[in-house]
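Data block below; observations after.
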There are 2 protein chains.
Amino acid sequence: MTERLTLEIIGELASVSRATVSRVINDHPNVSPDVRERVRRVIEETGFQPNQAARSLAANRSGIIGLIIPRMVQSLFTDPYYPRLLQGITKGVNDSGYTLSLFLFHTEDEEDKLIPKVLSRGLLDGVVIASSHLDDPLIWRLLDNQMPHIIIGRPQESIEASYVDVDNFSAAITAVSHLVRSGRKRIGTITGRLDMSAGIDRLQGYYEALNSRGIKVDEKLVAVGDFEESVAYSAMLRLAEQNPDGIFAASDAMALGALRALNDLGKRVPDEVAVVGFDDLPPAATATPTLTTVRQPIKRIGELAVETLLEIIEEGVSPPRRRILPAELIIRKSCGFI
Amino acid sequence: MTERLTLEIIGELASVSRATVSRVINDHPNVSPDVRERVRRVIEETGFQPNQAARSLAANRSGIIGLIIPRMVQSLFTDPYYPRLLQGITKGVNDSGYTLSLFLFHTEDEEDKLIPKVLSRGLLDGVVIASSHLDDPLIWRLLDNQMPHIIIGRPQESIEASYVDVDNFSAAITAVSHLVRSGRKRIGTITGRLDMSAGIDRLQGYYEALNSRGIKVDEKLVAVGDFEESVAYSAMLRLAEQNPDGIFAASDAMALGALRALNDLGKRVPDEVAVVGFDDLPPAATATPTLTTVRQPIKRIGELAVETLLEIIEEGVSPPRRRILPAELIIRKSCGFI
DNA sequence: ATGAAAGCGCTAACAT
DNA sequence: ATGTTAGCGCTTTCAT
């Protein structure tokens, strides 16, 4: 086996010191054009790649950010939300030259075992947390450890953490208002998990849309769900007994569950019951009938999360950053035409 | 800010040298029980975590394995196959104490830019490649670089690479035989991508099942797909003109596309046309009608890939390892009852 | 069983 | 603009 390449060796081959080679690699300005070119050529010819571990140690930065997906058994593998988010996050990471490490917790034990690793020095420059619960203890540990972080979805108000989120409240108002304007009188909702801000805020938007029009909410029309199709299916079967003529589901996956239930019950959509979802993921467009829904810029949220995290990493200690993106109503056939 | 913890500091606190602390952390046998206990306690009390970059550099192992998902625009974000695979892979990684880095390529440029990083020294101990094309150039580069690797899905025969795969050929025979036994006479297929072994092997199984029964395949009944729902939908619309009474779709996502097309055409399933899928992902069980399909042990494949890769990493140079897992036919309603 | 000491390959401060 | 040098925090011989 040929001798292992190092900065030192590359330096010899290009007749410069290893410091100069390092400067060339890191695009440091203080290198004359000809030397830079000479070194570049040697690197090219030899296929040299600097040792990442050594860089991390010397520079005290690993160039790796972590993505933490807390345990939530089913929905990750049912709902296309996460793959889409992952697309945005990897895009952001790739564009910036960072590397992404993925931490997917399956059980509580695993979570306890892995968190110290996430927090260990020299591994991660920062972390993105995807959809934690409102008071996820992990958030406190990150804050304690001064680990740069960004949360996707608003955490509990009292937590001084940085996050990006979509304007769930306003979007829900828009969605429910659409049902009202289309003439629906008994509008129900299937909520998301109420220990996550997305679930809570969308439910609040539902209340606000109705209350602001002087419509009294019938609590029997509110069914608590958890973002999963199958649970929404059951919830819809129960809701149907209350004879709703409109349903706001807090996610597309749940809207599809509701459609399936309505279909099994022989209720026609949108003639008898209108349905609005939330997300606008691919299945919304191929559902029967096609689903009117709120489009979240999921991919953009992922990218923005990474961009914001990198800013935080660069700037060191700084006040928490909060970014809220708007969502948009996409009108299809599940509500009929206005 | 309090002084940064290092092996040296922990050593002082426990009145031992840093070498001993290192031994305790790495479970080296040559440490007396009382010293081990004393050091353990100090580590516990201080919450010390060894610096990963320093470990990687000194030990010449990073404890990180990479997961590479080659670019394939849509299907990653439509088909629950990948999330499920990811679940298995993260399980395997978590159990072994390794960390996972994710490389998701979006464009060819990005791929070119990122591959050197994947191959760079000191970052990854090995890589898992998810569903590459048969002759993905990345595979050659991994082999050239002696990077320990495992491929999910069989690569081209001539490549001396390690892989895990499901027995696609046999499974396809089982699926198509089921259609034959249920009395179908004109059995068509919607294939997967034919530049991947999964696509090819399932198609070969289709031919074999029919040929071995002396049934001549009508080439008009073979529609080339690419594992995507929408493409399968169009393919089914075309196939329908040939009046098939049975369809073997090479993935569940495609089977759902076929069902949607048949529904739009007003063809009843299974009465007029029987459909069999491949994967047995959650949507198969909630489809209308519920989908008869081949169950792949997707999660297990992910775990096995990691386990095998770690063996390869431990043992250094070794002949390629190949592991083939069986699949199982799950009978539901889309074929009627036998 | 424990300690001393030599690196691992790089960055960055300092010197020229 | 370039070179010299001192670490970064750990693992791993090699002594004892």
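Identifiers for the structure tokens are assigned positionally: chains receive A, B, ... in sequence, residues are indexed from 1 per chain, and ligands are indexed from 1 in the order shown.
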10 Å contact set for Pro297 (chain B), only C-alpha atoms (C1' of nucleotides), chain neighbours under 5 positions out, as JSON, numbers by chain: {"B": [84, 85, 88, 165, 166, 279, 280, 302, 325, 326, 327, 328]}
Those residues with N, CA and C atoms, as a short mmCIF file (atom, residue, chain, number, x, y, z; two decimals), in the first residue's frame please?
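Result file follows (part-v1.cif):
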data_model
loop_
_atom_site.label_atom_id
_atom_site.label_comp_id
_atom_site.auth_asym_id
_atom_site.auth_seq_id
_atom_site.Cartn_x
_atom_site.Cartn_y
_atom_site.Cartn_z
N ARG B 84 -39.17 3.12 5.72
CA ARG B 84 -39.13 1.84 6.40
C ARG B 84 -37.70 1.30 6.44
N LEU B 85 -37.02 1.44 5.34
CA LEU B 85 -35.63 0.99 5.28
C LEU B 85 -34.79 1.77 6.28
N GLY B 88 -34.98 0.44 9.73
CA GLY B 88 -34.12 -0.71 9.96
C GLY B 88 -32.67 -0.31 10.10
N ASP B 165 -30.05 -8.50 -0.26
CA ASP B 165 -31.18 -8.32 -1.15
C ASP B 165 -32.28 -9.29 -0.75
N VAL B 166 -33.45 -9.06 -1.29
CA VAL B 166 -34.54 -9.99 -1.08
C VAL B 166 -34.58 -10.87 -2.31
N ASP B 279 -44.18 -5.42 -1.74
CA ASP B 279 -43.62 -4.62 -0.63
C ASP B 279 -44.35 -4.88 0.67
N ASP B 280 -45.70 -4.83 0.59
CA ASP B 280 -46.54 -4.85 1.79
C ASP B 280 -46.20 -3.72 2.74
N GLY B 302 -32.61 -3.56 6.23
CA GLY B 302 -31.81 -2.44 6.70
C GLY B 302 -30.91 -2.83 7.86
N LEU B 325 -32.59 -12.55 1.41
CA LEU B 325 -33.69 -12.86 2.33
C LEU B 325 -34.93 -13.27 1.55
N PRO B 326 -35.72 -14.17 2.13
CA PRO B 326 -36.95 -14.59 1.46
C PRO B 326 -38.07 -13.58 1.66
N ALA B 327 -39.06 -13.62 0.77
CA ALA B 327 -40.24 -12.78 0.92
C ALA B 327 -41.45 -13.69 1.01
N GLU B 328 -42.60 -13.11 1.30
CA GLU B 328 -43.77 -13.93 1.65
C GLU B 328 -45.02 -13.32 1.01
#
Find the residues of region 29-101 of chain A that sit at most 12 Å from chain C; for each, write down the nearest two atoms and how far apart they are in Å, to one decimal. Count only C-alpha atoms (C1' of nucleotides). Sort by chain, then by number going up, and give it as JSON lines.
{"residue": "A:Gln49", "atom": "CA", "partner": "C:DG9", "partner_atom": "C1'", "distance": 11.4}
{"residue": "A:Pro50", "atom": "CA", "partner": "C:DC10", "partner_atom": "C1'", "distance": 8.1}
{"residue": "A:Asn51", "atom": "CA", "partner": "C:DG9", "partner_atom": "C1'", "distance": 6.6}
{"residue": "A:Gln52", "atom": "CA", "partner": "C:DC10", "partner_atom": "C1'", "distance": 8.5}
{"residue": "A:Ala53", "atom": "CA", "partner": "C:DG9", "partner_atom": "C1'", "distance": 8.1}
{"residue": "A:Ala54", "atom": "CA", "partner": "C:DC10", "partner_atom": "C1'", "distance": 4.7}
{"residue": "A:Arg55", "atom": "CA", "partner": "C:DC10", "partner_atom": "C1'", "distance": 4.9}
{"residue": "A:Ser56", "atom": "CA", "partner": "C:DC10", "partner_atom": "C1'", "distance": 8.1}
{"residue": "A:Leu57", "atom": "CA", "partner": "C:DC10", "partner_atom": "C1'", "distance": 7.5}
{"residue": "A:Ala58", "atom": "CA", "partner": "C:DT11", "partner_atom": "C1'", "distance": 5.2}
{"residue": "A:Ala59", "atom": "CA", "partner": "C:DT11", "partner_atom": "C1'", "distance": 5.5}
{"residue": "A:Asn60", "atom": "CA", "partner": "C:DT11", "partner_atom": "C1'", "distance": 9.1}
{"residue": "A:Arg61", "atom": "CA", "partner": "C:DT11", "partner_atom": "C1'", "distance": 10.7}
Output file for the residues above (N, CA and C atoms, as a CSV table (one decimal), in the first residue's frame):
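Saved to again06.csv:
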chain,number,residue,atom,x,y,z
A,49,GLN,N,-7.4,14.0,-0.1
A,49,GLN,CA,-8.6,14.5,0.7
A,49,GLN,C,-8.1,14.7,2.1
A,50,PRO,N,-8.3,15.9,2.7
A,50,PRO,CA,-7.8,16.0,4.0
A,50,PRO,C,-8.5,15.2,5.0
A,51,ASN,N,-7.9,14.7,6.0
A,51,ASN,CA,-8.5,13.9,7.1
A,51,ASN,C,-9.4,14.7,7.9
A,52,GLN,N,-10.7,14.3,7.9
A,52,GLN,CA,-11.7,15.1,8.6
A,52,GLN,C,-11.6,15.1,10.1
A,53,ALA,N,-11.2,14.0,10.6
A,53,ALA,CA,-11.0,13.9,12.1
A,53,ALA,C,-10.0,14.9,12.5
A,54,ALA,N,-8.9,14.9,11.8
A,54,ALA,CA,-7.8,15.9,12.2
A,54,ALA,C,-8.3,17.3,12.1
A,55,ARG,N,-9.0,17.6,11.0
A,55,ARG,CA,-9.5,19.0,10.9
A,55,ARG,C,-10.4,19.3,12.1
A,56,SER,N,-11.3,18.4,12.4
A,56,SER,CA,-12.3,18.6,13.4
A,56,SER,C,-11.6,18.9,14.7
A,57,LEU,N,-10.6,18.1,15.0
A,57,LEU,CA,-9.9,18.3,16.3
A,57,LEU,C,-9.1,19.6,16.3
A,58,ALA,N,-8.4,19.9,15.3
A,58,ALA,CA,-7.6,21.1,15.3
A,58,ALA,C,-8.5,22.4,15.2
A,59,ALA,N,-9.5,22.4,14.4
A,59,ALA,CA,-10.3,23.6,14.2
A,59,ALA,C,-11.5,23.7,15.3
A,60,ASN,N,-11.7,22.6,16.0
A,60,ASN,CA,-12.8,22.6,16.9
A,60,ASN,C,-14.2,22.8,16.3
A,61,ARG,N,-14.3,22.3,15.1
A,61,ARG,CA,-15.5,22.3,14.4
A,61,ARG,C,-15.6,21.0,13.5
All Cα atoms, paired in order, least squares: that's the fit I need for chain A onto chain B, output as a compact mmCIF listing (two decimals) with C-alpha atoms, in the first residue's frame.
# COMPACT_ATOMS: atom_id res chain seq x y z
CA MET A 1 -16.86 29.20 31.51
CA THR A 2 -15.51 26.27 33.45
CA GLU A 3 -12.42 24.49 32.26
CA ARG A 4 -13.00 22.06 29.45
CA LEU A 5 -13.02 18.43 30.55
CA THR A 6 -10.46 16.07 29.08
CA LEU A 7 -9.11 12.66 29.92
CA GLU A 8 -6.26 14.41 31.70
CA ILE A 9 -8.58 16.32 34.00
CA ILE A 10 -10.72 13.30 34.75
CA GLY A 11 -7.50 11.43 35.51
CA GLU A 12 -6.44 14.07 38.02
CA LEU A 13 -9.81 14.01 39.73
CA ALA A 14 -9.63 10.23 40.05
CA SER A 15 -5.91 10.18 40.81
CA VAL A 16 -4.96 8.05 37.84
CA SER A 17 -3.31 8.68 34.50
CA ARG A 18 -5.23 9.58 31.39
CA ALA A 19 -4.39 6.17 29.95
CA THR A 20 -6.35 4.49 32.70
CA VAL A 21 -9.31 6.74 32.13
CA SER A 22 -9.14 5.83 28.47
CA ARG A 23 -9.12 2.15 29.40
CA VAL A 24 -12.17 2.56 31.56
CA ILE A 25 -14.05 4.36 28.82
CA ASN A 26 -13.17 1.73 26.25
CA ASP A 27 -13.90 -1.19 28.56
CA HIS A 28 -10.37 -2.43 28.36
CA PRO A 29 -9.97 -5.43 30.70
CA ASN A 30 -6.72 -4.35 32.39
CA VAL A 31 -8.19 -2.11 35.04
CA SER A 32 -8.71 -3.13 38.63
CA PRO A 33 -12.33 -3.08 39.78
CA ASP A 34 -11.86 -0.41 42.41
CA VAL A 35 -10.04 1.96 40.09
CA ARG A 36 -12.60 1.37 37.41
CA GLU A 37 -15.33 2.21 39.85
CA ARG A 38 -13.58 5.36 41.05
CA VAL A 39 -13.07 6.60 37.51
CA ARG A 40 -16.61 5.74 36.57
CA ARG A 41 -17.88 7.85 39.42
CA VAL A 42 -15.86 10.88 38.41
CA ILE A 43 -17.06 10.55 34.83
CA GLU A 44 -20.60 10.30 36.07
CA GLU A 45 -20.31 13.30 38.37
CA THR A 46 -18.68 15.53 35.83
CA GLY A 47 -20.79 14.40 32.91
CA PHE A 48 -17.63 13.96 30.91
CA GLN A 49 -17.96 12.94 27.27
CA PRO A 50 -14.79 12.10 25.35
CA ASN A 51 -14.06 14.26 22.33
CA GLN A 52 -15.09 12.30 19.26
CA ALA A 53 -12.78 14.07 16.87
CA ALA A 54 -9.76 13.24 19.00
CA ARG A 55 -10.85 9.62 19.29
CA SER A 56 -11.32 9.35 15.56
CA LEU A 57 -7.92 10.78 14.86
CA ALA A 58 -6.03 8.68 17.35
CA ALA A 59 -7.86 5.42 16.72
CA ASN A 60 -8.22 5.90 12.99
CA ARG A 61 -11.90 5.02 13.22
CA SER A 62 -14.72 7.54 13.31
CA GLY A 63 -17.56 5.35 14.50
CA ILE A 64 -19.67 6.81 11.69
CA ILE A 65 -21.15 4.96 8.78
CA GLY A 66 -22.64 6.70 5.79
CA LEU A 67 -25.96 5.98 4.13
CA ILE A 68 -25.99 7.02 0.52
CA ILE A 69 -29.27 7.50 -1.29
CA PRO A 70 -28.58 8.16 -4.96
CA ARG A 71 -30.71 10.73 -6.68
CA MET A 72 -34.10 9.50 -7.82
CA VAL A 73 -36.24 12.54 -7.51
CA GLN A 74 -39.75 11.42 -6.84
CA SER A 75 -40.04 7.97 -5.44
CA LEU A 76 -38.21 8.70 -2.22
CA PHE A 77 -40.97 11.09 -1.32
CA THR A 78 -43.91 9.06 -2.48
CA ASP A 79 -43.09 5.54 -1.54
CA PRO A 80 -42.95 4.51 2.12
CA TYR A 81 -40.20 2.04 1.22
CA TYR A 82 -37.37 4.36 2.16
CA PRO A 83 -38.69 5.48 5.51
CA ARG A 84 -39.11 1.84 6.42
CA LEU A 85 -35.60 0.99 5.30
CA LEU A 86 -34.32 3.93 7.28
CA GLN A 87 -36.01 2.55 10.33
CA GLY A 88 -34.09 -0.71 9.97
CA ILE A 89 -30.81 0.99 9.28
CA THR A 90 -31.05 3.36 12.21
CA LYS A 91 -32.00 0.45 14.42
CA GLY A 92 -28.89 -1.43 13.39
CA VAL A 93 -26.72 1.61 13.85
CA ASN A 94 -28.13 2.53 17.22
CA ASP A 95 -27.73 -0.99 18.53
CA SER A 96 -24.09 -1.06 17.62
CA GLY A 97 -23.11 2.31 19.01
CA TYR A 98 -22.26 3.75 15.63
CA THR A 99 -23.49 7.05 14.26
CA LEU A 100 -25.21 7.39 10.89
CA SER A 101 -24.50 10.10 8.35
CA LEU A 102 -26.99 10.60 5.58
CA PHE A 103 -26.04 11.56 2.04
CA LEU A 104 -29.00 12.36 -0.12
CA PHE A 105 -28.06 13.45 -3.61
CA HIS A 106 -30.45 15.74 -5.39
CA THR A 107 -28.62 16.47 -8.63
CA GLU A 108 -25.72 15.06 -10.58
CA ASP A 109 -23.58 18.08 -9.70
CA GLU A 110 -24.29 17.55 -6.06
CA GLU A 111 -23.35 13.91 -6.40
CA ASP A 112 -20.01 14.78 -7.98
CA LYS A 113 -19.34 17.32 -5.28
CA LEU A 114 -20.25 15.03 -2.42
CA ILE A 115 -18.61 11.77 -3.41
CA PRO A 116 -15.09 12.96 -2.62
CA LYS A 117 -16.34 13.83 0.84
CA VAL A 118 -17.82 10.38 1.28
CA LEU A 119 -14.48 8.94 0.34
CA SER A 120 -12.38 11.34 2.39
CA ARG A 121 -10.30 9.84 5.16
CA GLY A 122 -11.32 10.14 8.74
CA LEU A 123 -15.00 10.73 8.14
CA LEU A 124 -16.67 7.37 7.53
CA ASP A 125 -15.77 3.84 8.56
CA GLY A 126 -18.01 2.38 5.86
CA VAL A 127 -21.05 3.07 3.73
CA VAL A 128 -24.44 1.59 2.96
CA ILE A 129 -25.72 2.28 -0.53
CA ALA A 130 -29.48 2.20 -0.91
CA SER A 131 -30.75 0.99 -4.26
CA SER A 132 -28.14 2.06 -6.72
CA HIS A 133 -28.45 1.39 -10.40
CA LEU A 134 -26.89 -1.79 -11.66
CA ASP A 135 -23.68 -0.13 -12.73
CA ASP A 136 -23.57 2.91 -10.51
CA PRO A 137 -20.08 4.41 -10.91
CA LEU A 138 -20.10 5.15 -7.21
CA ILE A 139 -19.66 1.44 -6.57
CA TRP A 140 -16.43 1.37 -8.53
CA ARG A 141 -15.09 4.34 -6.63
CA LEU A 142 -15.86 2.66 -3.33
CA LEU A 143 -14.07 -0.47 -4.45
CA ASP A 144 -11.09 1.56 -5.70
CA ASN A 145 -10.86 3.36 -2.40
CA GLN A 146 -11.14 0.19 -0.38
CA MET A 147 -14.03 1.75 1.45
CA PRO A 148 -15.98 -0.90 3.35
CA HIS A 149 -19.45 -1.00 1.87
CA ILE A 150 -22.71 -2.86 1.57
CA ILE A 151 -25.21 -2.39 -1.20
CA ILE A 152 -28.92 -2.84 -0.72
CA GLY A 153 -30.04 -4.65 -3.84
CA ARG A 154 -27.85 -6.76 -6.09
CA PRO A 155 -25.51 -4.80 -8.36
CA GLN A 156 -24.28 -5.97 -11.74
CA GLU A 157 -23.04 -9.59 -11.63
CA SER A 158 -19.49 -8.68 -12.55
CA ILE A 159 -19.01 -6.37 -9.59
CA GLU A 160 -17.18 -7.83 -6.62
CA ALA A 161 -19.26 -5.95 -4.10
CA SER A 162 -21.06 -7.00 -0.94
CA TYR A 163 -24.81 -6.74 -0.84
CA VAL A 164 -28.04 -7.78 0.82
CA ASP A 165 -31.16 -8.31 -1.16
CA VAL A 166 -34.53 -9.98 -1.07
CA ASP A 167 -35.16 -12.97 -3.31
CA ASN A 168 -37.04 -10.95 -5.89
CA PHE A 169 -37.06 -13.66 -8.51
CA SER A 170 -38.68 -16.34 -6.36
CA ALA A 171 -41.08 -13.87 -4.80
CA ALA A 172 -42.28 -12.71 -8.19
CA ILE A 173 -42.84 -16.31 -9.23
CA THR A 174 -44.96 -16.84 -6.14
CA ALA A 175 -47.00 -13.72 -6.80
CA VAL A 176 -47.68 -14.50 -10.45
CA SER A 177 -48.38 -18.15 -9.70
CA HIS A 178 -51.04 -16.98 -7.29
CA LEU A 179 -52.74 -15.11 -10.13
CA VAL A 180 -52.54 -18.20 -12.33
CA ARG A 181 -53.99 -20.44 -9.65
CA SER A 182 -56.86 -18.03 -9.10
CA GLY A 183 -57.83 -18.71 -12.68
CA ARG A 184 -56.50 -15.62 -14.47
CA LYS A 185 -55.67 -16.14 -18.12
CA ARG A 186 -54.33 -12.83 -19.36
CA ILE A 187 -51.81 -11.75 -16.76
CA GLY A 188 -49.94 -8.51 -17.33
CA THR A 189 -47.22 -6.79 -15.36
CA ILE A 190 -46.13 -3.27 -14.59
CA THR A 191 -42.40 -3.46 -14.08
CA GLY A 192 -40.08 -1.47 -11.86
CA ARG A 193 -37.07 0.41 -13.19
CA LEU A 194 -35.16 -1.94 -15.42
CA ASP A 195 -31.82 -0.43 -14.52
CA MET A 196 -32.19 -1.81 -11.01
CA SER A 197 -31.94 -5.44 -10.06
CA ALA A 198 -35.24 -5.33 -8.19
CA GLY A 199 -36.99 -4.29 -11.40
CA ILE A 200 -35.24 -6.87 -13.55
CA ASP A 201 -35.51 -9.80 -11.16
CA ARG A 202 -39.21 -9.29 -10.57
CA LEU A 203 -39.82 -9.17 -14.30
CA GLN A 204 -37.79 -12.35 -14.78
CA GLY A 205 -39.89 -14.01 -12.11
CA TYR A 206 -43.02 -12.99 -14.01
CA TYR A 207 -41.71 -14.63 -17.19
CA GLU A 208 -40.57 -17.72 -15.36
CA ALA A 209 -43.90 -18.23 -13.59
CA LEU A 210 -45.77 -18.13 -16.88
CA ASN A 211 -43.24 -19.97 -19.04
CA SER A 212 -42.85 -22.81 -16.59
CA ARG A 213 -46.58 -23.41 -16.99
CA GLY A 214 -46.33 -23.31 -20.74
CA ILE A 215 -48.07 -19.96 -20.92
CA LYS A 216 -46.71 -17.80 -23.69
CA VAL A 217 -46.18 -14.21 -22.54
CA ASP A 218 -47.93 -11.60 -24.63
CA GLU A 219 -45.42 -8.75 -24.73
CA LYS A 220 -48.25 -6.26 -25.01
CA LEU A 221 -49.10 -7.16 -21.44
CA VAL A 222 -45.71 -5.99 -20.17
CA ALA A 223 -45.64 -2.28 -19.30
CA VAL A 224 -42.41 -0.72 -18.16
CA GLY A 225 -42.78 1.38 -15.04
CA ASP A 226 -40.34 2.94 -12.61
CA PHE A 227 -41.80 2.19 -9.15
CA GLU A 228 -43.85 5.41 -9.16
CA GLU A 229 -47.57 5.62 -8.63
CA SER A 230 -48.33 8.13 -11.35
CA VAL A 231 -46.36 6.29 -14.02
CA ALA A 232 -48.09 3.05 -13.08
CA TYR A 233 -51.43 4.82 -13.36
CA SER A 234 -50.70 5.74 -16.98
CA ALA A 235 -49.29 2.31 -17.69
CA MET A 236 -52.45 0.68 -16.39
CA LEU A 237 -54.63 2.88 -18.59
CA ARG A 238 -52.69 1.60 -21.59
CA LEU A 239 -52.59 -2.01 -20.42
CA ALA A 240 -56.35 -1.98 -19.96
CA GLU A 241 -56.80 -1.87 -23.73
CA GLN A 242 -55.31 -5.35 -23.86
CA ASN A 243 -58.02 -6.65 -21.55
CA PRO A 244 -55.85 -8.26 -18.90
CA ASP A 245 -57.60 -10.09 -16.08
CA GLY A 246 -54.60 -10.06 -13.75
CA ILE A 247 -51.82 -7.57 -13.03
CA PHE A 248 -48.56 -8.09 -11.19
CA ALA A 249 -47.20 -4.69 -10.15
CA ALA A 250 -43.57 -4.63 -9.07
CA SER A 251 -44.30 -2.40 -6.09
CA ASP A 252 -47.23 -1.49 -3.87
CA ALA A 253 -47.04 2.14 -4.94
CA MET A 254 -47.49 1.00 -8.53
CA ALA A 255 -50.25 -1.41 -7.57
CA LEU A 256 -52.10 1.50 -6.00
CA GLY A 257 -51.62 3.47 -9.20
CA ALA A 258 -53.07 0.54 -11.11
CA LEU A 259 -56.04 0.33 -8.74
CA ARG A 260 -56.68 4.02 -9.20
CA ALA A 261 -56.61 3.63 -12.97
CA LEU A 262 -58.91 0.61 -12.90
CA ASN A 263 -61.27 2.49 -10.64
CA ASP A 264 -61.32 5.46 -12.99
CA LEU A 265 -62.01 3.07 -15.87
CA GLY A 266 -64.86 1.50 -13.98
CA LYS A 267 -63.24 -1.94 -13.94
CA ARG A 268 -64.04 -3.90 -10.82
CA VAL A 269 -61.22 -5.40 -8.73
CA PRO A 270 -60.94 -8.32 -8.20
CA ASP A 271 -63.98 -9.38 -10.21
CA GLU A 272 -62.76 -8.19 -13.58
CA VAL A 273 -59.08 -7.68 -12.88
CA ALA A 274 -56.95 -9.11 -10.08
CA VAL A 275 -53.98 -7.11 -8.80
CA VAL A 276 -50.91 -8.21 -6.86
CA GLY A 277 -48.35 -5.79 -5.51
CA PHE A 278 -44.90 -6.02 -3.96
CA ASP A 279 -43.62 -4.63 -0.62
CA ASP A 280 -46.52 -4.86 1.81
CA LEU A 281 -46.19 -1.36 3.11
CA PRO A 282 -48.98 0.14 5.25
CA PRO A 283 -51.11 1.53 2.39
CA ALA A 284 -51.53 -2.00 1.02
CA ALA A 285 -53.73 -2.91 3.97
CA THR A 286 -55.99 0.14 3.65
CA ALA A 287 -56.35 0.16 -0.13
CA THR A 288 -59.73 -0.46 -1.72
CA PRO A 289 -59.84 -3.37 -2.13
CA THR A 290 -57.11 -4.41 0.28
CA LEU A 291 -54.05 -5.44 -1.66
CA THR A 292 -52.67 -8.94 -2.05
CA THR A 293 -48.94 -8.42 -2.13
CA VAL A 294 -45.48 -9.81 -1.46
CA ARG A 295 -44.13 -8.89 1.93
CA GLN A 296 -40.51 -7.83 1.89
CA PRO A 297 -38.71 -7.75 5.25
CA ILE A 298 -37.64 -4.19 4.51
CA LYS A 299 -36.75 -3.23 8.03
CA ARG A 300 -34.80 -6.44 8.50
CA ILE A 301 -32.90 -5.78 5.30
CA GLY A 302 -31.81 -2.44 6.69
CA GLU A 303 -30.67 -3.99 9.95
CA LEU A 304 -28.89 -6.82 8.20
CA ALA A 305 -27.12 -4.39 5.91
CA VAL A 306 -25.70 -2.56 8.89
CA GLU A 307 -24.77 -5.75 10.72
CA THR A 308 -22.99 -7.08 7.67
CA LEU A 309 -21.19 -3.81 7.05
CA LEU A 310 -19.93 -3.75 10.61
CA GLU A 311 -18.57 -7.28 10.19
CA ILE A 312 -16.77 -6.15 7.07
CA ILE A 313 -15.34 -3.16 8.89
CA GLU A 314 -14.14 -5.32 11.77
CA GLU A 315 -12.52 -7.96 9.62
CA GLY A 316 -10.82 -5.69 7.15
CA VAL A 317 -10.23 -7.08 3.68
CA SER A 318 -12.43 -10.08 2.99
CA PRO A 319 -14.34 -11.67 0.13
CA PRO A 320 -17.62 -9.96 -0.72
CA ARG A 321 -20.57 -11.01 1.37
CA ARG A 322 -23.94 -11.67 -0.18
CA ARG A 323 -27.12 -12.21 1.75
CA ILE A 324 -30.49 -12.98 0.26
CA LEU A 325 -33.67 -12.87 2.33
CA PRO A 326 -36.94 -14.60 1.46
CA ALA A 327 -40.23 -12.79 0.92
CA GLU A 328 -43.76 -13.95 1.65
CA LEU A 329 -47.09 -13.67 -0.16
CA ILE A 330 -49.78 -11.86 1.81
CA ILE A 331 -53.24 -12.69 0.55
CA ARG A 332 -55.90 -10.01 0.80
CA LYS A 333 -58.82 -9.10 -1.41
CA SER A 334 -57.44 -7.69 -4.62
CA CYS A 335 -57.23 -11.17 -6.18
CA GLY A 336 -60.47 -12.57 -4.91
CA PHE A 337 -60.41 -15.82 -2.99
CA ILE A 338 -58.81 -18.89 -4.41
Expected answer as JSON, numbers by chain: alpha helix (DSSP H) residues in region 76-290 of chain B: {"B": [81, 82, 83, 84, 85, 86, 87, 88, 89, 90, 91, 92, 93, 94, 95, 96, 108, 109, 110, 111, 112, 113, 114, 115, 116, 117, 118, 119, 137, 138, 139, 140, 141, 142, 143, 144, 168, 169, 170, 171, 172, 173, 174, 175, 176, 177, 178, 179, 180, 181, 197, 198, 199, 200, 201, 202, 203, 204, 205, 206, 207, 208, 209, 210, 211, 229, 230, 231, 232, 233, 234, 235, 236, 237, 238, 239, 252, 253, 254, 255, 256, 257, 258, 259, 260, 261, 262, 263, 264, 265, 282, 283, 284, 285, 286]}
Residue set, region 24-224 of chain B restricted to strand (DSSP E), as a PyMOL selection string: chain B and resi 64-69+99-104+126-130+149-152+163-166+187-190+222-223
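Residue-level contact on chain D: within 6 Å of chain B, counting only C-alpha atoms (C1' of nucleotides), the set is DG9, DC10 and DT11 of chain D.
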